[in-house]
Amino acid sequence: MADKNNNGKLDKTDKAKTRVATGIPGLDALVEGGFPRARSILVSGSCGTGKSIFGMQYLYHGLVDYEEPGVFVTFDEMPSKIREDMLKFGWNLKELEKNDLLAILDATSAKAGTASEEEHALTPGRLDFDNALLEILNVCRKTNAKRLVIDSIPAMGLHSDSLNETRKNILKLSYVLNRTGLTTIMTTEVPEGAGGGAQHLSRYGIEEYVTDGVILLGFVGLQSMRTLTVRKMRSTQHALDTHQIEIGTKGISLKKT
Ligand SMILES: Nc1ncnc2c1ncn2[C@@H]1O[C@H](COP(=O)(O)OP(=O)(O)OP(=O)(O)O)[C@@H](O)[C@H]1O
Ligand SMILES: [Mg+2]
């Protein structure tokens, strides 16, 4: 356990041993200074709620502010598009990749059956879950990653033969990653409710149980307002309030009330 200073509070370096800053302005204060280290956090929401941006922002700030190398595994979007989109927030991912601090693992090309031009890519034709997990861990080892983002679990599970197999894989993914010391964000989708809000916590109804934390992103009021709720965070005292967020010129932030 981390030492405490004279006031009985954790100092900055001790805190960094046990908590991982989220990179989202306003969020750390809601979760005792950050995500619990070496745990997995689910970021869940319907389409366009900001899950992928949240994931990349977590990695980007980990690198720039804490020098913690990170890996982003993309099953949904091409890395070239991600680099282009993130540049709009002022995040020059290419620069970080050049310095071997950030790796984007292209799983999209293999899924689409096309050749990848990326340095890190899943082997086409070997898309089974065990191989994907092995390749993810290899890239994490090579980059000495402390932070990992898997975007997204449903896209990763597409190639399983059955829902049971998918459930087993998610459990395995969570157990293996917990043992590696990586603090991982996994994204998942939820179907949209009639009012635009999410009615469920995850795509398969199991992700929220095998992960240590759940952050829900959503909309209210016919999508006019973006929201964030800390739905679960093991080892953390947190409120269940729903907070208003915005996606601005520097990414996602909680709105001050
Ligand atoms: N530069 C930007 N400035 C402001 N808002 C943006 C910007 N880029 C994207 N957005 C908003 O973020 C949304 C996309 O965010 P993101 O890709 O993270 O969503 P997602 O939850 O991952 O979606 P999906 O489920 O489709 O993968 C866009 O629909 C748009 O509303
Ligand atoms: Mg996305």
# chains A, B, ... in the order shown; residues from 1 in each chain; ligands from 1
$ closest_atom_pairs --of "chain A" --to "ligand 2" --cutoff "9 Å" --atoms "only C-alpha atoms and all ligand atoms" --output "Markdown table"
| residue | atom | partner | partner_atom_place_in_ligand_line | distance |
| --- | --- | --- | --- | --- |
| A:Cys47 | CA | ligand 2 | 1 (Mg) | 7.2 |
| A:Gly48 | CA | ligand 2 | 1 (Mg) | 6.9 |
| A:Thr49 | CA | ligand 2 | 1 (Mg) | 8.3 |
| A:Gly50 | CA | ligand 2 | 1 (Mg) | 6.8 |
| A:Lys51 | CA | ligand 2 | 1 (Mg) | 5.4 |
| A:Ser52 | CA | ligand 2 | 1 (Mg) | 4.2 |
| A:Ile53 | CA | ligand 2 | 1 (Mg) | 7.4 |
| A:Gly55 | CA | ligand 2 | 1 (Mg) | 9.0 |
| A:Thr74 | CA | ligand 2 | 1 (Mg) | 8.9 |
| A:Asp76 | CA | ligand 2 | 1 (Mg) | 6.8 |
| A:Glu77 | CA | ligand 2 | 1 (Mg) | 7.5 |
| A:Asp151 | CA | ligand 2 | 1 (Mg) | 6.7 |
| A:Ser152 | CA | ligand 2 | 1 (Mg) | 7.2 |
| A:Thr187 | CA | ligand 2 | 1 (Mg) | 7.8 |
| A:Thr188 | CA | ligand 2 | 1 (Mg) | 8.8 |
| A:Glu189 | CA | ligand 2 | 1 (Mg) | 8.8 |
$ closest_residue --among "A:Glu135, A:Glu95, A:Glu117, A:Asp85" --to "ligand 1" --atoms "only C-alpha atoms and all ligand atoms"
A:Asp85
$ closest_residue --among "A:Met56, A:Ile136, A:Leu240, A:Val230" --to "ligand 1" --atoms "only C-alpha atoms and all ligand atoms"
A:Met56
$ atom_distance --atom1 "atom CA of His238 of chain A" --atom2 "atom CA of Val190 of chain A"
22.8 Å
$ decode --residues "segment 183-221 of chain A" --atoms "N, CA and C atoms" --output "PDB file, in the first residue's frame"
ATOM      1  N   THR A 183      -3.176  -0.922 -17.310  1.00  0.00           N
ATOM      2  CA  THR A 183      -4.474  -0.347 -16.975  1.00  0.00           C
ATOM      3  C   THR A 183      -5.204  -0.158 -18.308  1.00  0.00           C
ATOM      4  N   THR A 184      -6.289  -0.892 -18.462  1.00  0.00           N
ATOM      5  CA  THR A 184      -6.914  -1.046 -19.784  1.00  0.00           C
ATOM      6  C   THR A 184      -8.297  -0.413 -19.867  1.00  0.00           C
ATOM      7  N   ILE A 185      -8.531   0.270 -20.973  1.00  0.00           N
ATOM      8  CA  ILE A 185      -9.889   0.717 -21.296  1.00  0.00           C
ATOM      9  C   ILE A 185     -10.401  -0.157 -22.430  1.00  0.00           C
ATOM     10  N   MET A 186     -11.572  -0.731 -22.227  1.00  0.00           N
ATOM     11  CA  MET A 186     -12.233  -1.458 -23.305  1.00  0.00           C
ATOM     12  C   MET A 186     -13.522  -0.723 -23.621  1.00  0.00           C
ATOM     13  N   THR A 187     -13.802  -0.546 -24.875  1.00  0.00           N
ATOM     14  CA  THR A 187     -15.059   0.119 -25.216  1.00  0.00           C
ATOM     15  C   THR A 187     -16.090  -0.919 -25.635  1.00  0.00           C
ATOM     16  N   THR A 188     -17.334  -0.598 -25.386  1.00  0.00           N
ATOM     17  CA  THR A 188     -18.398  -1.475 -25.856  1.00  0.00           C
ATOM     18  C   THR A 188     -19.612  -0.634 -26.240  1.00  0.00           C
ATOM     19  N   GLU A 189     -20.461  -1.226 -27.052  1.00  0.00           N
ATOM     20  CA  GLU A 189     -21.629  -0.482 -27.536  1.00  0.00           C
ATOM     21  C   GLU A 189     -22.861  -0.882 -26.751  1.00  0.00           C
ATOM     22  N   VAL A 190     -23.794   0.037 -26.677  1.00  0.00           N
ATOM     23  CA  VAL A 190     -25.111  -0.321 -26.144  1.00  0.00           C
ATOM     24  C   VAL A 190     -26.168   0.171 -27.111  1.00  0.00           C
ATOM     25  N   PRO A 191     -27.258  -0.593 -27.238  1.00  0.00           N
ATOM     26  CA  PRO A 191     -28.323  -0.138 -28.132  1.00  0.00           C
ATOM     27  C   PRO A 191     -28.945   1.139 -27.594  1.00  0.00           C
ATOM     28  N   GLU A 192     -29.403   1.971 -28.486  1.00  0.00           N
ATOM     29  CA  GLU A 192     -29.987   3.238 -28.062  1.00  0.00           C
ATOM     30  C   GLU A 192     -31.457   3.066 -27.696  1.00  0.00           C
ATOM     31  N   GLY A 193     -31.874   3.726 -26.606  1.00  0.00           N
ATOM     32  CA  GLY A 193     -33.285   3.676 -26.221  1.00  0.00           C
ATOM     33  C   GLY A 193     -34.100   4.671 -27.024  1.00  0.00           C
ATOM     34  N   ALA A 194     -35.404   4.638 -26.792  1.00  0.00           N
ATOM     35  CA  ALA A 194     -36.297   5.490 -27.580  1.00  0.00           C
ATOM     36  C   ALA A 194     -35.972   6.976 -27.397  1.00  0.00           C
ATOM     37  N   GLY A 195     -35.528   7.351 -26.184  1.00  0.00           N
ATOM     38  CA  GLY A 195     -35.247   8.765 -25.941  1.00  0.00           C
ATOM     39  C   GLY A 195     -33.832   9.159 -26.298  1.00  0.00           C
ATOM     40  N   GLY A 196     -33.098   8.254 -26.925  1.00  0.00           N
ATOM     41  CA  GLY A 196     -31.718   8.554 -27.285  1.00  0.00           C
ATOM     42  C   GLY A 196     -30.738   8.078 -26.231  1.00  0.00           C
ATOM     43  N   GLY A 197     -31.229   7.730 -25.026  1.00  0.00           N
ATOM     44  CA  GLY A 197     -30.346   7.257 -23.952  1.00  0.00           C
ATOM     45  C   GLY A 197     -30.151   5.760 -24.033  1.00  0.00           C
ATOM     46  N   ALA A 198     -29.077   5.265 -23.402  1.00  0.00           N
ATOM     47  CA  ALA A 198     -28.800   3.830 -23.418  1.00  0.00           C
ATOM     48  C   ALA A 198     -29.666   3.124 -22.373  1.00  0.00           C
ATOM     49  N   GLN A 199     -30.231   1.987 -22.723  1.00  0.00           N
ATOM     50  CA  GLN A 199     -31.066   1.220 -21.794  1.00  0.00           C
ATOM     51  C   GLN A 199     -30.271   0.099 -21.124  1.00  0.00           C
ATOM     52  N   HIS A 200     -29.118  -0.258 -21.675  1.00  0.00           N
ATOM     53  CA  HIS A 200     -28.309  -1.347 -21.142  1.00  0.00           C
ATOM     54  C   HIS A 200     -26.907  -0.826 -20.881  1.00  0.00           C
ATOM     55  N   LEU A 201     -26.105  -1.640 -20.187  1.00  0.00           N
ATOM     56  CA  LEU A 201     -24.747  -1.207 -19.861  1.00  0.00           C
ATOM     57  C   LEU A 201     -23.720  -1.671 -20.879  1.00  0.00           C
ATOM     58  N   SER A 202     -24.044  -2.706 -21.623  1.00  0.00           N
ATOM     59  CA  SER A 202     -23.046  -3.225 -22.575  1.00  0.00           C
ATOM     60  C   SER A 202     -23.705  -4.012 -23.686  1.00  0.00           C
ATOM     61  N   ARG A 203     -22.911  -4.405 -24.660  1.00  0.00           N
ATOM     62  CA  ARG A 203     -23.429  -5.116 -25.823  1.00  0.00           C
ATOM     63  C   ARG A 203     -23.840  -6.551 -25.482  1.00  0.00           C
ATOM     64  N   TYR A 204     -22.991  -7.249 -24.682  1.00  0.00           N
ATOM     65  CA  TYR A 204     -23.238  -8.663 -24.418  1.00  0.00           C
ATOM     66  C   TYR A 204     -23.825  -8.929 -23.040  1.00  0.00           C
ATOM     67  N   GLY A 205     -23.909  -7.884 -22.201  1.00  0.00           N
ATOM     68  CA  GLY A 205     -24.465  -8.068 -20.863  1.00  0.00           C
ATOM     69  C   GLY A 205     -23.521  -8.778 -19.926  1.00  0.00           C
ATOM     70  N   ILE A 206     -22.236  -8.849 -20.250  1.00  0.00           N
ATOM     71  CA  ILE A 206     -21.268  -9.482 -19.357  1.00  0.00           C
ATOM     72  C   ILE A 206     -20.075  -8.565 -19.106  1.00  0.00           C
ATOM     73  N   GLU A 207     -19.773  -7.677 -20.066  1.00  0.00           N
ATOM     74  CA  GLU A 207     -18.587  -6.823 -19.970  1.00  0.00           C
ATOM     75  C   GLU A 207     -18.528  -6.072 -18.637  1.00  0.00           C
ATOM     76  N   GLU A 208     -19.697  -5.581 -18.177  1.00  0.00           N
ATOM     77  CA  GLU A 208     -19.706  -4.764 -16.952  1.00  0.00           C
ATOM     78  C   GLU A 208     -19.382  -5.575 -15.702  1.00  0.00           C
ATOM     79  N   TYR A 209     -19.550  -6.901 -15.771  1.00  0.00           N
ATOM     80  CA  TYR A 209     -19.280  -7.729 -14.600  1.00  0.00           C
ATOM     81  C   TYR A 209     -17.815  -8.135 -14.514  1.00  0.00           C
ATOM     82  N   VAL A 210     -17.159  -8.282 -15.641  1.00  0.00           N
ATOM     83  CA  VAL A 210     -15.769  -8.759 -15.624  1.00  0.00           C
ATOM     84  C   VAL A 210     -14.752  -7.615 -15.631  1.00  0.00           C
ATOM     85  N   THR A 211     -15.223  -6.385 -15.765  1.00  0.00           N
ATOM     86  CA  THR A 211     -14.303  -5.241 -15.701  1.00  0.00           C
ATOM     87  C   THR A 211     -14.417  -4.581 -14.322  1.00  0.00           C
ATOM     88  N   ASP A 212     -13.381  -3.815 -13.944  1.00  0.00           N
ATOM     89  CA  ASP A 212     -13.328  -3.236 -12.597  1.00  0.00           C
ATOM     90  C   ASP A 212     -14.062  -1.906 -12.494  1.00  0.00           C
ATOM     91  N   GLY A 213     -14.294  -1.286 -13.635  1.00  0.00           N
ATOM     92  CA  GLY A 213     -15.001  -0.010 -13.624  1.00  0.00           C
ATOM     93  C   GLY A 213     -15.874   0.113 -14.856  1.00  0.00           C
ATOM     94  N   VAL A 214     -16.923   0.909 -14.740  1.00  0.00           N
ATOM     95  CA  VAL A 214     -17.790   1.163 -15.900  1.00  0.00           C
ATOM     96  C   VAL A 214     -18.075   2.664 -15.979  1.00  0.00           C
ATOM     97  N   ILE A 215     -17.697   3.263 -17.100  1.00  0.00           N
ATOM     98  CA  ILE A 215     -18.028   4.660 -17.382  1.00  0.00           C
ATOM     99  C   ILE A 215     -19.068   4.640 -18.501  1.00  0.00           C
ATOM    100  N   LEU A 216     -20.200   5.250 -18.224  1.00  0.00           N
ATOM    101  CA  LEU A 216     -21.271   5.293 -19.233  1.00  0.00           C
ATOM    102  C   LEU A 216     -21.290   6.645 -19.926  1.00  0.00           C
ATOM    103  N   LEU A 217     -21.214   6.644 -21.225  1.00  0.00           N
ATOM    104  CA  LEU A 217     -21.347   7.891 -21.982  1.00  0.00           C
ATOM    105  C   LEU A 217     -22.718   7.878 -22.655  1.00  0.00           C
ATOM    106  N   GLY A 218     -23.362   9.019 -22.704  1.00  0.00           N
ATOM    107  CA  GLY A 218     -24.697   9.023 -23.312  1.00  0.00           C
ATOM    108  C   GLY A 218     -25.139  10.398 -23.752  1.00  0.00           C
ATOM    109  N   PHE A 219     -26.408  10.446 -24.108  1.00  0.00           N
ATOM    110  CA  PHE A 219     -27.049  11.704 -24.496  1.00  0.00           C
ATOM    111  C   PHE A 219     -28.341  11.835 -23.701  1.00  0.00           C
ATOM    112  N   VAL A 220     -28.753  13.044 -23.439  1.00  0.00           N
ATOM    113  CA  VAL A 220     -30.123  13.229 -22.949  1.00  0.00           C
ATOM    114  C   VAL A 220     -30.765  14.371 -23.741  1.00  0.00           C
ATOM    115  N   GLY A 221     -32.067  14.402 -23.653  1.00  0.00           N
ATOM    116  CA  GLY A 221     -32.807  15.502 -24.294  1.00  0.00           C
ATOM    117  C   GLY A 221     -32.636  15.510 -25.788  1.00  0.00           C
TER     118      GLY A 221
END
